[in-house]
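The file work-v8.cif contains mmCIF, C-alpha atoms (C1' of nucleotides):
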data_target
loop_
_atom_site.group_PDB
_atom_site.id
_atom_site.type_symbol
_atom_site.label_atom_id
_atom_site.label_comp_id
_atom_site.auth_asym_id
_atom_site.auth_seq_id
_atom_site.Cartn_x
_atom_site.Cartn_y
_atom_site.Cartn_z
ATOM 1 C CA MET A 177 59.915 -69.199 -94.716
ATOM 2 C CA PRO A 178 56.528 -70.872 -94.537
ATOM 3 C CA GLU A 179 53.937 -68.129 -94.355
ATOM 4 C CA LEU A 180 50.156 -68.315 -94.051
ATOM 5 C CA PRO A 181 49.462 -70.193 -97.330
ATOM 6 C CA GLU A 182 52.120 -72.812 -96.619
ATOM 7 C CA ILE A 183 50.758 -73.409 -93.118
ATOM 8 C CA GLU A 184 47.246 -73.700 -94.536
ATOM 9 C CA THR A 185 48.520 -76.257 -97.022
ATOM 10 C CA ILE A 186 50.213 -78.167 -94.205
ATOM 11 C CA ARG A 187 46.971 -78.081 -92.219
ATOM 12 C CA LEU A 188 44.916 -79.439 -95.119
ATOM 13 C CA GLY A 189 47.537 -82.030 -95.999
ATOM 14 C CA LEU A 190 47.867 -83.263 -92.425
ATOM 15 C CA LYS A 191 44.098 -83.471 -92.008
ATOM 16 C CA SER A 192 43.791 -85.405 -95.246
ATOM 17 C CA PHE A 193 46.583 -87.788 -94.254
ATOM 18 C CA LEU A 194 45.509 -88.503 -90.677
ATOM 19 C CA GLY A 195 41.734 -88.221 -91.105
ATOM 20 C CA ALA A 196 39.202 -87.608 -88.349
ATOM 21 C CA LYS A 197 40.245 -88.158 -84.723
ATOM 22 C CA PRO A 198 43.509 -90.024 -85.161
ATOM 23 C CA CYS A 199 44.984 -91.329 -81.919
ATOM 24 C CA ILE A 200 48.553 -90.495 -80.944
ATOM 25 C CA THR A 201 49.959 -93.885 -80.005
ATOM 26 C CA ALA A 202 53.573 -92.900 -79.338
ATOM 27 C CA SER A 203 55.848 -89.880 -79.527
ATOM 28 C CA ASN A 204 59.519 -89.238 -79.114
ATOM 29 C CA ILE A 205 61.651 -86.104 -78.945
ATOM 30 C CA THR A 206 65.206 -86.467 -80.169
ATOM 31 C CA ARG A 207 66.426 -83.095 -79.023
ATOM 32 C CA ALA A 208 65.093 -81.084 -76.126
ATOM 33 C CA ASP A 209 64.962 -77.697 -77.739
ATOM 34 C CA LEU A 210 63.914 -76.156 -81.003
ATOM 35 C CA ARG A 211 63.893 -72.379 -80.816
ATOM 36 C CA PHE A 212 62.510 -72.852 -77.296
ATOM 37 C CA PRO A 213 62.522 -75.995 -75.155
ATOM 38 C CA PHE A 214 59.591 -78.363 -75.707
ATOM 39 C CA PRO A 215 56.884 -77.921 -73.031
ATOM 40 C CA ASP A 216 57.332 -80.029 -69.892
ATOM 41 C CA ASN A 217 56.257 -83.654 -70.308
ATOM 42 C CA PHE A 218 55.291 -82.919 -73.894
ATOM 43 C CA THR A 219 55.385 -86.453 -75.273
ATOM 44 C CA LYS A 220 53.734 -87.899 -72.171
ATOM 45 C CA ARG A 221 50.894 -85.379 -72.373
ATOM 46 C CA ILE A 222 50.108 -85.814 -76.075
ATOM 47 C CA THR A 223 50.396 -89.598 -76.196
ATOM 48 C CA GLY A 224 46.991 -91.274 -75.992
ATOM 49 C CA CYS A 225 45.180 -88.136 -77.174
ATOM 50 C CA HIS A 226 43.113 -87.818 -80.356
ATOM 51 C CA ILE A 227 43.357 -84.867 -82.702
ATOM 52 C CA THR A 228 39.836 -83.441 -82.702
ATOM 53 C CA THR A 229 40.315 -80.295 -84.817
ATOM 54 C CA TYR A 230 42.926 -78.996 -87.231
ATOM 55 C CA LYS A 231 43.075 -75.208 -87.054
ATOM 56 C CA ARG A 232 45.404 -72.417 -88.041
ATOM 57 C CA HIS A 233 45.864 -68.793 -87.033
ATOM 58 C CA GLY A 234 48.373 -66.786 -89.040
ATOM 59 C CA LYS A 235 51.505 -68.905 -89.246
ATOM 60 C CA TYR A 236 50.538 -71.119 -86.297
ATOM 61 C CA LEU A 237 49.143 -74.612 -86.743
ATOM 62 C CA LEU A 238 46.784 -75.442 -83.871
ATOM 63 C CA LEU A 239 45.833 -79.060 -83.261
ATOM 64 C CA THR A 240 43.150 -79.630 -80.638
ATOM 65 C CA LEU A 241 43.688 -82.791 -78.603
ATOM 66 C CA ASP A 242 40.626 -84.472 -77.056
ATOM 67 C CA ASP A 243 38.856 -81.091 -77.185
ATOM 68 C CA ARG A 244 40.852 -79.911 -74.156
ATOM 69 C CA LEU A 245 44.476 -79.282 -75.164
ATOM 70 C CA ILE A 246 45.999 -77.266 -77.975
ATOM 71 C CA TRP A 247 49.199 -78.432 -79.602
ATOM 72 C CA LEU A 248 50.703 -75.319 -81.205
ATOM 73 C CA ILE A 249 53.299 -75.647 -83.944
ATOM 74 C CA HIS A 250 55.272 -72.808 -85.480
ATOM 75 C CA PHE A 251 57.471 -73.796 -88.405
ATOM 76 C CA GLY A 252 59.989 -70.971 -88.187
ATOM 77 C CA MET A 253 62.088 -70.729 -91.310
ATOM 78 C CA SER A 254 62.725 -74.303 -92.271
ATOM 79 C CA GLY A 255 60.252 -76.476 -90.383
ATOM 80 C CA LYS A 256 58.185 -79.102 -92.168
ATOM 81 C CA LEU A 257 56.178 -82.232 -91.501
ATOM 82 C CA ILE A 258 57.170 -85.496 -93.104
ATOM 83 C CA LEU A 259 54.426 -88.133 -93.326
ATOM 84 C CA ARG A 260 54.882 -91.861 -93.820
ATOM 85 C CA HIS A 261 52.881 -95.067 -93.889
ATOM 86 C CA THR A 262 55.844 -96.901 -92.437
ATOM 87 C CA ASN A 263 58.066 -95.910 -89.560
ATOM 88 C CA ASN A 264 61.250 -95.550 -91.527
ATOM 89 C CA ASP A 265 62.951 -93.497 -94.242
ATOM 90 C CA PHE A 266 62.861 -90.331 -92.158
ATOM 91 C CA PRO A 267 65.890 -88.071 -92.592
ATOM 92 C CA GLU A 268 68.616 -88.793 -90.066
ATOM 93 C CA LYS A 269 69.624 -85.193 -89.668
ATOM 94 C CA HIS A 270 67.384 -82.491 -88.184
ATOM 95 C CA SER A 271 64.423 -84.734 -87.384
ATOM 96 C CA HIS A 272 63.488 -83.538 -83.895
ATOM 97 C CA LEU A 273 60.119 -85.102 -83.103
ATOM 98 C CA PHE A 274 58.510 -88.381 -84.144
ATOM 99 C CA VAL A 275 54.815 -89.145 -83.621
ATOM 100 C CA SER A 276 52.939 -92.374 -84.358
ATOM 101 C CA PHE A 277 49.204 -92.424 -85.015
ATOM 102 C CA SER A 278 46.398 -94.897 -85.375
ATOM 103 C CA ASN A 279 43.649 -93.636 -87.655
ATOM 104 C CA ALA A 280 39.938 -94.478 -87.769
ATOM 105 C CA LYS A 281 40.697 -97.615 -89.798
ATOM 106 C CA LYS A 282 43.312 -98.673 -87.212
ATOM 107 C CA GLN A 283 46.094 -98.079 -89.707
ATOM 108 C CA ALA A 284 49.428 -96.954 -88.300
ATOM 109 C CA LEU A 285 50.684 -93.616 -89.639
ATOM 110 C CA TYR A 286 53.887 -91.772 -88.844
ATOM 111 C CA LEU A 287 54.909 -88.139 -88.669
ATOM 112 C CA CYS A 288 58.222 -86.425 -88.198
ATOM 113 C CA TYR A 289 58.929 -82.748 -87.525
ATOM 114 C CA HIS A 290 62.024 -81.782 -89.502
ATOM 115 C CA ASP A 291 63.689 -78.382 -89.048
ATOM 116 C CA PRO A 292 67.345 -77.782 -89.969
ATOM 117 C CA ARG A 293 67.528 -74.216 -88.666
ATOM 118 C CA ARG A 294 65.415 -74.870 -85.574
ATOM 119 C CA PHE A 295 63.643 -71.528 -85.691
ATOM 120 C CA GLY A 296 60.396 -73.395 -85.194
ATOM 121 C CA PHE A 297 58.841 -74.177 -81.826
ATOM 122 C CA MET A 298 55.897 -75.916 -80.189
ATOM 123 C CA ASP A 299 53.634 -75.290 -77.249
ATOM 124 C CA LEU A 300 50.935 -77.232 -75.412
ATOM 125 C CA PHE A 301 48.262 -75.602 -73.298
ATOM 126 C CA ASP A 302 44.662 -75.904 -72.121
ATOM 127 C CA ALA A 303 42.192 -75.038 -74.865
ATOM 128 C CA ASP A 304 40.148 -72.850 -72.533
ATOM 129 C CA LYS A 305 43.241 -70.759 -71.808
ATOM 130 C CA ALA A 306 44.113 -70.068 -75.454
ATOM 131 C CA ASN A 307 43.495 -66.353 -74.942
ATOM 132 C CA ASP A 308 46.300 -66.270 -72.379
ATOM 133 C CA ASN A 309 48.819 -68.069 -74.555
ATOM 134 C CA ARG A 310 51.927 -65.956 -74.985
ATOM 135 C CA PHE A 311 52.055 -66.554 -78.741
ATOM 136 C CA LEU A 312 48.375 -66.463 -79.673
ATOM 137 C CA GLN A 313 47.528 -63.392 -77.619
ATOM 138 C CA LYS A 314 49.820 -61.263 -79.780
ATOM 139 C CA LEU A 315 48.153 -62.168 -83.069
ATOM 140 C CA GLY A 316 45.877 -59.908 -85.055
ATOM 141 C CA ARG A 317 43.073 -61.020 -87.325
ATOM 142 C CA ASP A 318 43.699 -63.844 -89.750
ATOM 143 C CA PRO A 319 42.860 -62.581 -93.253
ATOM 144 C CA ILE A 320 41.673 -65.990 -94.470
ATOM 145 C CA ALA A 321 40.366 -67.975 -91.506
ATOM 146 C CA ASP A 322 38.548 -65.258 -89.573
ATOM 147 C CA LYS A 323 34.960 -64.494 -90.434
ATOM 148 C CA ILE A 324 34.246 -61.308 -92.312
ATOM 149 C CA ASP A 325 33.265 -58.655 -89.815
ATOM 150 C CA ALA A 326 30.682 -56.369 -91.387
ATOM 151 C CA ASP A 327 31.025 -53.793 -88.620
ATOM 152 C CA MET A 328 34.771 -53.578 -88.991
ATOM 153 C CA PRO A 329 36.021 -54.624 -92.437
ATOM 154 C CA MET A 330 39.675 -55.596 -92.479
ATOM 155 C CA SER A 331 40.680 -52.525 -94.481
ATOM 156 C CA ASN A 332 39.121 -50.237 -91.841
ATOM 157 C CA MET A 333 40.688 -52.228 -89.029
ATOM 158 C CA LEU A 334 44.133 -51.926 -90.619
ATOM 159 C CA MET A 335 43.685 -48.235 -91.360
ATOM 160 C CA ASN A 336 42.727 -47.578 -87.736
ATOM 161 C CA ARG A 337 45.727 -49.493 -86.433
ATOM 162 C CA ALA A 338 48.037 -47.625 -88.798
ATOM 163 C CA LYS A 339 46.797 -44.197 -87.763
ATOM 164 C CA ASN A 340 49.744 -42.026 -86.701
ATOM 165 C CA ARG A 341 52.205 -44.838 -87.376
ATOM 166 C CA ASN A 342 55.467 -43.740 -88.960
ATOM 167 C CA ALA A 343 56.693 -47.278 -89.551
ATOM 168 C CA THR A 344 56.845 -48.336 -93.184
ATOM 169 C CA ILE A 345 53.896 -50.240 -94.600
ATOM 170 C CA LYS A 346 56.235 -53.223 -95.079
ATOM 171 C CA ALA A 347 57.164 -53.277 -91.380
ATOM 172 C CA PHE A 348 53.516 -52.703 -90.422
ATOM 173 C CA LEU A 349 52.312 -55.715 -92.410
ATOM 174 C CA MET A 350 55.083 -57.876 -90.949
ATOM 175 C CA GLU A 351 53.843 -57.149 -87.402
ATOM 176 C CA GLN A 352 51.722 -60.170 -86.576
ATOM 177 C CA GLY A 353 49.582 -58.119 -84.212
ATOM 178 C CA ASN A 354 48.212 -56.050 -87.074
ATOM 179 C CA ILE A 355 47.444 -58.901 -89.425
ATOM 180 C CA ALA A 356 48.445 -62.500 -88.746
ATOM 181 C CA GLY A 357 50.309 -64.564 -91.303
ATOM 182 C CA MET A 358 52.096 -62.117 -93.582
ATOM 183 C CA GLY A 359 55.794 -62.826 -94.099
ATOM 184 C CA ASN A 360 58.479 -61.281 -96.205
ATOM 185 C CA ILE A 361 57.407 -62.827 -99.494
ATOM 186 C CA TYR A 362 53.678 -62.120 -99.424
ATOM 187 C CA CYS A 363 54.333 -58.569 -98.183
ATOM 188 C CA SER A 364 56.292 -57.826 -101.340
ATOM 189 C CA GLU A 365 53.717 -59.558 -103.501
ATOM 190 C CA ALA A 366 50.688 -57.833 -101.958
ATOM 191 C CA LEU A 367 52.276 -54.370 -102.073
ATOM 192 C CA TRP A 368 53.274 -54.931 -105.690
ATOM 193 C CA ARG A 369 49.736 -55.932 -106.542
ATOM 194 C CA ALA A 370 48.313 -52.865 -104.763
ATOM 195 C CA HIS A 371 50.852 -50.484 -106.371
ATOM 196 C CA ILE A 372 52.069 -49.310 -102.964
ATOM 197 C CA HIS A 373 55.743 -48.636 -102.291
ATOM 198 C CA PRO A 374 57.135 -50.682 -99.362
ATOM 199 C CA GLN A 375 58.794 -47.585 -97.878
ATOM 200 C CA ARG A 376 55.574 -45.608 -97.600
ATOM 201 C CA SER A 377 54.706 -44.848 -93.991
ATOM 202 C CA ALA A 378 51.761 -46.969 -92.889
ATOM 203 C CA GLY A 379 49.883 -43.921 -91.627
ATOM 204 C CA SER A 380 50.043 -42.212 -95.012
ATOM 205 C CA LEU A 381 47.916 -44.673 -96.972
ATOM 206 C CA THR A 382 44.551 -43.386 -98.165
ATOM 207 C CA LYS A 383 41.302 -45.237 -97.553
ATOM 208 C CA PRO A 384 41.110 -46.456 -101.184
ATOM 209 C CA GLN A 385 44.683 -47.683 -100.878
ATOM 210 C CA TRP A 386 43.835 -49.663 -97.752
ATOM 211 C CA GLN A 387 40.945 -51.224 -99.647
ATOM 212 C CA LEU A 388 43.229 -52.037 -102.571
ATOM 213 C CA LEU A 389 45.900 -53.443 -100.270
ATOM 214 C CA THR A 390 43.431 -55.538 -98.282
ATOM 215 C CA ASP A 391 42.033 -57.001 -101.499
ATOM 216 C CA ALA A 392 45.592 -57.677 -102.694
ATOM 217 C CA ILE A 393 46.523 -59.429 -99.446
ATOM 218 C CA ILE A 394 43.479 -61.686 -99.554
ATOM 219 C CA SER A 395 43.791 -62.512 -103.249
ATOM 220 C CA VAL A 396 47.529 -63.202 -103.141
ATOM 221 C CA LEU A 397 47.121 -65.476 -100.104
ATOM 222 C CA ALA A 398 44.095 -67.254 -101.563
ATOM 223 C CA GLU A 399 45.864 -67.905 -104.855
ATOM 224 C CA ALA A 400 48.924 -69.249 -103.053
ATOM 225 C CA ILE A 401 46.747 -71.577 -100.987
ATOM 226 C CA GLU A 402 45.186 -72.826 -104.198
ATOM 227 C CA ALA A 403 48.622 -73.387 -105.721
ATOM 228 C CA GLY A 404 49.740 -75.171 -102.550
ATOM 229 C CA GLY A 405 46.661 -77.340 -102.679
ATOM 230 C CA SER A 406 47.461 -78.413 -106.209
ATOM 231 C CA SER A 407 50.996 -79.314 -105.224
ATOM 232 C CA PHE A 408 49.833 -81.209 -102.141
ATOM 233 C CA SER A 409 47.385 -83.350 -104.108
ATOM 234 C CA ASP A 410 50.365 -85.526 -104.934
ATOM 235 C CA PHE A 411 52.179 -85.099 -101.619
ATOM 236 C CA THR A 412 52.086 -88.850 -101.148
ATOM 237 C CA ALA A 413 54.974 -88.874 -103.615
ATOM 238 C CA PRO A 414 58.113 -90.382 -102.068
ATOM 239 C CA GLU A 415 59.207 -87.257 -100.242
ATOM 240 C CA GLY A 416 55.832 -86.987 -98.441
ATOM 241 C CA SER A 417 56.702 -83.587 -97.055
ATOM 242 C CA LEU A 418 54.424 -80.743 -96.115
ATOM 243 C CA GLY A 419 56.373 -77.555 -95.828
ATOM 244 C CA TYR A 420 57.505 -74.882 -98.144
ATOM 245 C CA PHE A 421 56.284 -74.825 -101.726
ATOM 246 C CA GLN A 422 57.694 -72.959 -104.674
ATOM 247 C CA HIS A 423 55.320 -70.466 -106.181
ATOM 248 C CA GLN A 424 55.540 -68.150 -109.128
ATOM 249 C CA TRP A 425 56.368 -64.728 -107.744
ATOM 250 C CA ASN A 426 55.786 -61.423 -109.504
ATOM 251 C CA ALA A 427 57.974 -59.260 -107.277
ATOM 252 C CA TYR A 428 59.769 -61.367 -104.679
ATOM 253 C CA GLY A 429 63.142 -62.541 -105.968
ATOM 254 C CA GLN A 430 62.568 -60.848 -109.333
ATOM 255 C CA ALA A 431 65.183 -58.071 -109.015
ATOM 256 C CA ASP A 432 66.290 -56.468 -112.296
ATOM 257 C CA THR A 433 63.472 -58.008 -114.310
ATOM 258 C CA LYS A 434 60.749 -56.057 -116.099
ATOM 259 C CA CYS A 435 57.607 -55.457 -114.067
ATOM 260 C CA LYS A 436 54.801 -57.745 -115.197
ATOM 261 C CA ASN A 437 52.212 -55.253 -114.075
ATOM 262 C CA CYS A 438 53.127 -52.037 -115.880
ATOM 263 C CA ALA A 439 55.642 -53.494 -118.369
ATOM 264 C CA LYS A 440 57.648 -50.271 -118.038
ATOM 265 C CA GLY A 441 59.351 -50.349 -114.653
ATOM 266 C CA THR A 442 62.028 -52.622 -113.253
ATOM 267 C CA ILE A 443 61.755 -54.687 -110.084
ATOM 268 C CA ARG A 444 64.211 -53.362 -107.491
ATOM 269 C CA LYS A 445 65.561 -54.949 -104.347
ATOM 270 C CA ILE A 446 66.062 -52.937 -101.179
ATOM 271 C CA ILE A 447 66.791 -53.908 -97.586
ATOM 272 C CA GLN A 448 64.253 -52.959 -94.914
ATOM 273 C CA GLN A 449 64.692 -54.103 -91.306
ATOM 274 C CA ASN A 450 67.499 -56.314 -92.560
ATOM 275 C CA ARG A 451 65.062 -58.075 -94.902
ATOM 276 C CA ALA A 452 64.837 -57.955 -98.666
ATOM 277 C CA SER A 453 61.928 -56.078 -100.218
ATOM 278 C CA PHE A 454 61.087 -56.087 -103.916
ATOM 279 C CA TYR A 455 59.065 -53.431 -105.721
ATOM 280 C CA CYS A 456 58.550 -51.895 -109.142
ATOM 281 C CA ASP A 457 60.281 -48.535 -109.536
ATOM 282 C CA GLU A 458 57.538 -47.340 -111.869
ATOM 283 C CA CYS A 459 54.111 -48.393 -110.635
ATOM 284 C CA GLN A 460 54.465 -48.535 -106.838
ATOM 285 C CA GLU A 461 54.121 -45.240 -104.981
ATOM 286 C "C1'" DA B 245 55.894 -46.850 -76.413
ATOM 287 C "C1'" DG B 246 57.210 -46.684 -81.209
ATOM 288 C "C1'" DG B 247 61.031 -47.688 -84.171
ATOM 289 C "C1'" DT B 248 65.275 -50.120 -85.168
ATOM 290 C "C1'" DG B 249 68.688 -53.626 -85.229
ATOM 291 C "C1'" DC B 250 70.701 -57.931 -83.540
ATOM 292 C "C1'" DG B 251 71.151 -62.980 -82.510
ATOM 293 C "C1'" DC B 252 69.535 -67.326 -83.111
ATOM 294 C "C1'" DC B 253 70.625 -71.444 -86.826
ATOM 295 C "C1'" DT B 254 72.123 -74.209 -90.964
ATOM 296 C "C1'" DG B 255 72.521 -75.219 -95.885
ATOM 297 C "C1'" DG B 256 73.433 -73.567 -100.196
ATOM 298 C "C1'" DA B 257 75.543 -70.450 -103.434
ATOM 299 C "C1'" DG B 258 79.375 -68.056 -105.071
ATOM 300 C "C1'" DG B 259 84.244 -66.443 -105.015
ATOM 301 C "C1'" DC B 260 89.002 -67.551 -105.072
ATOM 302 C "C1'" DT C 106 88.412 -79.731 -104.573
ATOM 303 C "C1'" DG C 107 88.125 -77.088 -100.522
ATOM 304 C "C1'" DC C 108 87.749 -73.316 -97.754
ATOM 305 C "C1'" DC C 109 85.706 -69.061 -96.725
ATOM 306 C "C1'" DT C 110 82.048 -65.573 -96.666
ATOM 307 C "C1'" DC C 111 77.595 -64.226 -97.411
ATOM 308 C "C1'" DC C 112 72.688 -64.797 -97.603
ATOM 309 C "C1'" DA C 113 68.004 -66.459 -96.451
ATOM 310 C "C1'" DG C 114 64.374 -64.661 -92.552
ATOM 311 C "C1'" DG C 115 60.402 -65.259 -88.094
ATOM 312 C "C1'" DC C 116 60.643 -64.119 -83.832
ATOM 313 C "C1'" DG C 117 61.946 -62.198 -79.137
ATOM 314 C "C1'" DC C 118 64.479 -58.974 -77.117
ATOM 315 C "C1'" DA C 119 67.609 -55.063 -76.123
ATOM 316 C "C1'" DC C 120 68.265 -50.505 -76.928
ATOM 317 C "C1'" DC C 121 67.312 -45.561 -77.981
#

Starting from the file, lay out its structure as structure tokens.
Amino acid sequence: MPELPEIETIRLGLKSFLGAKPCITASNITRADLRFPFPDNFTKRITGCHITTYKRHGKYLLLTLDDRLIWLIHFGMSGKLILRHTNNDFPEKHSHLFVSFSNAKKQALYLCYHDPRRFGFMDLFDADKANDNRFLQKLGRDPIADKIDADMPMSNMLMNRAKNRNATIKAFLMEQGNIAGMGNIYCSEALWRAHIHPQRSAGSLTKPQWQLLTDAIISVLAEAIEAGGSSFSDFTAPEGSLGYFQHQWNAYGQADTKCKNCAKGTIRKIIQQNRASFYCDECQE
DNA sequence: AGGTGCGCCTGGAGGC
DNA sequence: TGCCTCCAGGCGCACC
């Protein structure tokens, strides 16, 4: 369930907790596979390394180790990081990876990757071969992290990719190769904000609609990151978890309520690609 | 090759 | 209370 804003919040929270260049002093895997097996010699390879950058692309958290390795984390549906100042009080169930750190002040800090459904996964590869990574190479532009490209604004890029596509706009936005980081929730929210029906074919959107939709995507993600940031400011509360945060949705999960945009229509729930979509039956076309 | 649907996995909610 | 069924969905993959 964590989508781009949740991963960004995890990234910021982890960076704030560990600080600059923390050293991995120990690591331990308690089950060999998440969605995929851990990379070979994973714990051996990361132990002794320092985290030199904290990056994110779409829903992937990318930690650079000693400027030469990338530790990739995908949180799947239920993955989260639990952070502690002492090496105890981690949940007994579904804690799959434990990592100990020493920060710049030589304080010991502890992290646990917790994932009940185990849809998450990790990878480890050479930083100079990131373009060949089987996960990263499939990703499109990140709507928040990537620099604005004056020659090819995101709305034009999306419109070009959608040309002649019969897939619905919902399915199109969910394809990580078109735009990285959109999940089920923010798709519904962005389409609601842009007044575009989720069953419209992607190729049928007009140029102004692509502009409206692009603006909606960026604003809905940016606002969610802001909301996540405000909830993470007190993440040192006892649970100390960085994962999925509850936001106030306008469309997602609001079936049968009055639309807050037009105040006339009703939010409806339909199933697309076996996933729930929510839209207003009055103001989304 | 584009479009569609399934399986993976577990906890929680709801029905009886 | 307890058992059962359904639902949540990101991703890779099989299939048409």

Item to check | Selection under test: the PyMOL selection byres ((chain A and resi 196-205) around 8); residues as a ChimeraX atom specification | outcome: /A:191,194-195,206-208,219-220,222-229,272-280

Pull C-alpha atoms from the residues just selected and write them as a PDB file, in the coordinates of the input.
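Printed below is again.pdb as written:
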ATOM      1  CA  LYS A 191      44.098 -83.471 -92.008  1.00  0.00           C
ATOM      2  CA  LEU A 194      45.509 -88.503 -90.677  1.00  0.00           C
ATOM      3  CA  GLY A 195      41.734 -88.221 -91.105  1.00  0.00           C
ATOM      4  CA  THR A 206      65.206 -86.467 -80.169  1.00  0.00           C
ATOM      5  CA  ARG A 207      66.426 -83.095 -79.023  1.00  0.00           C
ATOM      6  CA  ALA A 208      65.093 -81.084 -76.126  1.00  0.00           C
ATOM      7  CA  THR A 219      55.385 -86.453 -75.273  1.00  0.00           C
ATOM      8  CA  LYS A 220      53.734 -87.899 -72.171  1.00  0.00           C
ATOM      9  CA  ILE A 222      50.108 -85.814 -76.075  1.00  0.00           C
ATOM     10  CA  THR A 223      50.396 -89.598 -76.196  1.00  0.00           C
ATOM     11  CA  GLY A 224      46.991 -91.274 -75.992  1.00  0.00           C
ATOM     12  CA  CYS A 225      45.180 -88.136 -77.174  1.00  0.00           C
ATOM     13  CA  HIS A 226      43.113 -87.818 -80.356  1.00  0.00           C
ATOM     14  CA  ILE A 227      43.357 -84.867 -82.702  1.00  0.00           C
ATOM     15  CA  THR A 228      39.836 -83.441 -82.702  1.00  0.00           C
ATOM     16  CA  THR A 229      40.315 -80.295 -84.817  1.00  0.00           C
ATOM     17  CA  HIS A 272      63.488 -83.538 -83.895  1.00  0.00           C
ATOM     18  CA  LEU A 273      60.119 -85.102 -83.103  1.00  0.00           C
ATOM     19  CA  PHE A 274      58.510 -88.381 -84.144  1.00  0.00           C
ATOM     20  CA  VAL A 275      54.815 -89.145 -83.621  1.00  0.00           C
ATOM     21  CA  SER A 276      52.939 -92.374 -84.358  1.00  0.00           C
ATOM     22  CA  PHE A 277      49.204 -92.424 -85.015  1.00  0.00           C
ATOM     23  CA  SER A 278      46.398 -94.897 -85.375  1.00  0.00           C
ATOM     24  CA  ASN A 279      43.649 -93.636 -87.655  1.00  0.00           C
ATOM     25  CA  ALA A 280      39.938 -94.478 -87.769  1.00  0.00           C
TER      26      ALA A 280
END

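Run against this file, the PyMOL selection byres ((chain B and resi 246-260) around 7) gives back Pro292, Arg293, Arg294 and Ala343 of chain A; DA245 of chain B.
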
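All of the residues in chain A within 12 Å of chain B are Leu210, Arg211, Phe212, Gly252, Met253, Ser254, Lys269, His270, Asp291, Pro292, Arg293, Arg294, Phe295, Gly296, Ala338, Asn340, Arg341, Asn342, Ala343, Thr344, Ala347, Phe348, Gln448, Gln449, Asn450 and Arg451 of chain A, where all atoms listed in the file were counted.
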
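Our summary of the geometry notes that atom CA of Leu418 of chain A is positioned 19.7 Å from atom C1' of DA113 of chain C.
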
Checklist entry - Once you count only C-alpha atoms (C1' of nucleotides), which residues of chain C turn out to be within 10 Å of chain A? Could you give them as a PyMOL selection string? => result chain C and resi 113-116

Quick one: what's the axis-aligned box for segment 248-260 of chain B, all listed atoms, 5 Å on every side, centre and edges in Å to one decimal, as AutoDock Vina command-line options?
--center_x 77.1 --center_y -62.7 --center_z -93.8 --size_x 33.7 --size_y 35.1 --size_z 32.6

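Across the structure, atom CA of Tyr289 of chain A and atom CA of Gly255 of chain A are spaced 7.0 Å apart.
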
Next on the checklist: For the PyMOL selection byres ((chain A and resi 417) around 6), applied here, can you spell out every residue it catches as number ranges by chain?
Outcome noted: A: 257-258, 415-416, 418

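Taking atom CA of Glu461 of chain A and atom CA of His371 of chain A as endpoints, the distance between them is 6.3 Å.
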
Item to check | Residue list as number ranges by chain for point (53.9, -43.0, -98.7), cut-off 12 Å, all atoms listed in the file | outcome: A: 341-346, 367, 371-382, 385, 460-461

Atom completion result for segment 188-198 of chain A (N, CA and C atoms) as a short mmCIF file (atom, residue, chain, number, x, y, z; two decimals), in the coordinates of the input:
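Listed below is the output, selection_23.cif:
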data_model
loop_
_atom_site.label_atom_id
_atom_site.label_comp_id
_atom_site.auth_asym_id
_atom_site.auth_seq_id
_atom_site.Cartn_x
_atom_site.Cartn_y
_atom_site.Cartn_z
N LEU A 188 45.80 -78.63 -94.28
CA LEU A 188 44.92 -79.44 -95.12
C LEU A 188 45.54 -80.79 -95.43
N GLY A 189 46.84 -80.79 -95.67
CA GLY A 189 47.54 -82.03 -96.00
C GLY A 189 47.57 -82.98 -94.82
N LEU A 190 47.82 -82.44 -93.63
CA LEU A 190 47.87 -83.26 -92.42
C LEU A 190 46.50 -83.86 -92.12
N LYS A 191 45.47 -83.02 -92.26
CA LYS A 191 44.10 -83.47 -92.01
C LYS A 191 43.72 -84.59 -92.98
N SER A 192 44.10 -84.40 -94.24
CA SER A 192 43.79 -85.40 -95.25
C SER A 192 44.53 -86.72 -94.97
N PHE A 193 45.76 -86.59 -94.49
CA PHE A 193 46.58 -87.79 -94.25
C PHE A 193 46.11 -88.55 -93.02
N LEU A 194 45.83 -87.84 -91.94
CA LEU A 194 45.51 -88.50 -90.68
C LEU A 194 44.01 -88.81 -90.55
N GLY A 195 43.17 -88.01 -91.19
CA GLY A 195 41.73 -88.22 -91.10
C GLY A 195 41.16 -87.73 -89.78
N ALA A 196 39.89 -88.09 -89.55
CA ALA A 196 39.20 -87.61 -88.35
C ALA A 196 39.66 -88.37 -87.11
N LYS A 197 39.94 -87.62 -86.06
CA LYS A 197 40.24 -88.16 -84.72
C LYS A 197 41.30 -89.26 -84.69
N PRO A 198 42.44 -89.04 -85.30
CA PRO A 198 43.51 -90.02 -85.16
C PRO A 198 44.04 -90.02 -83.73
#
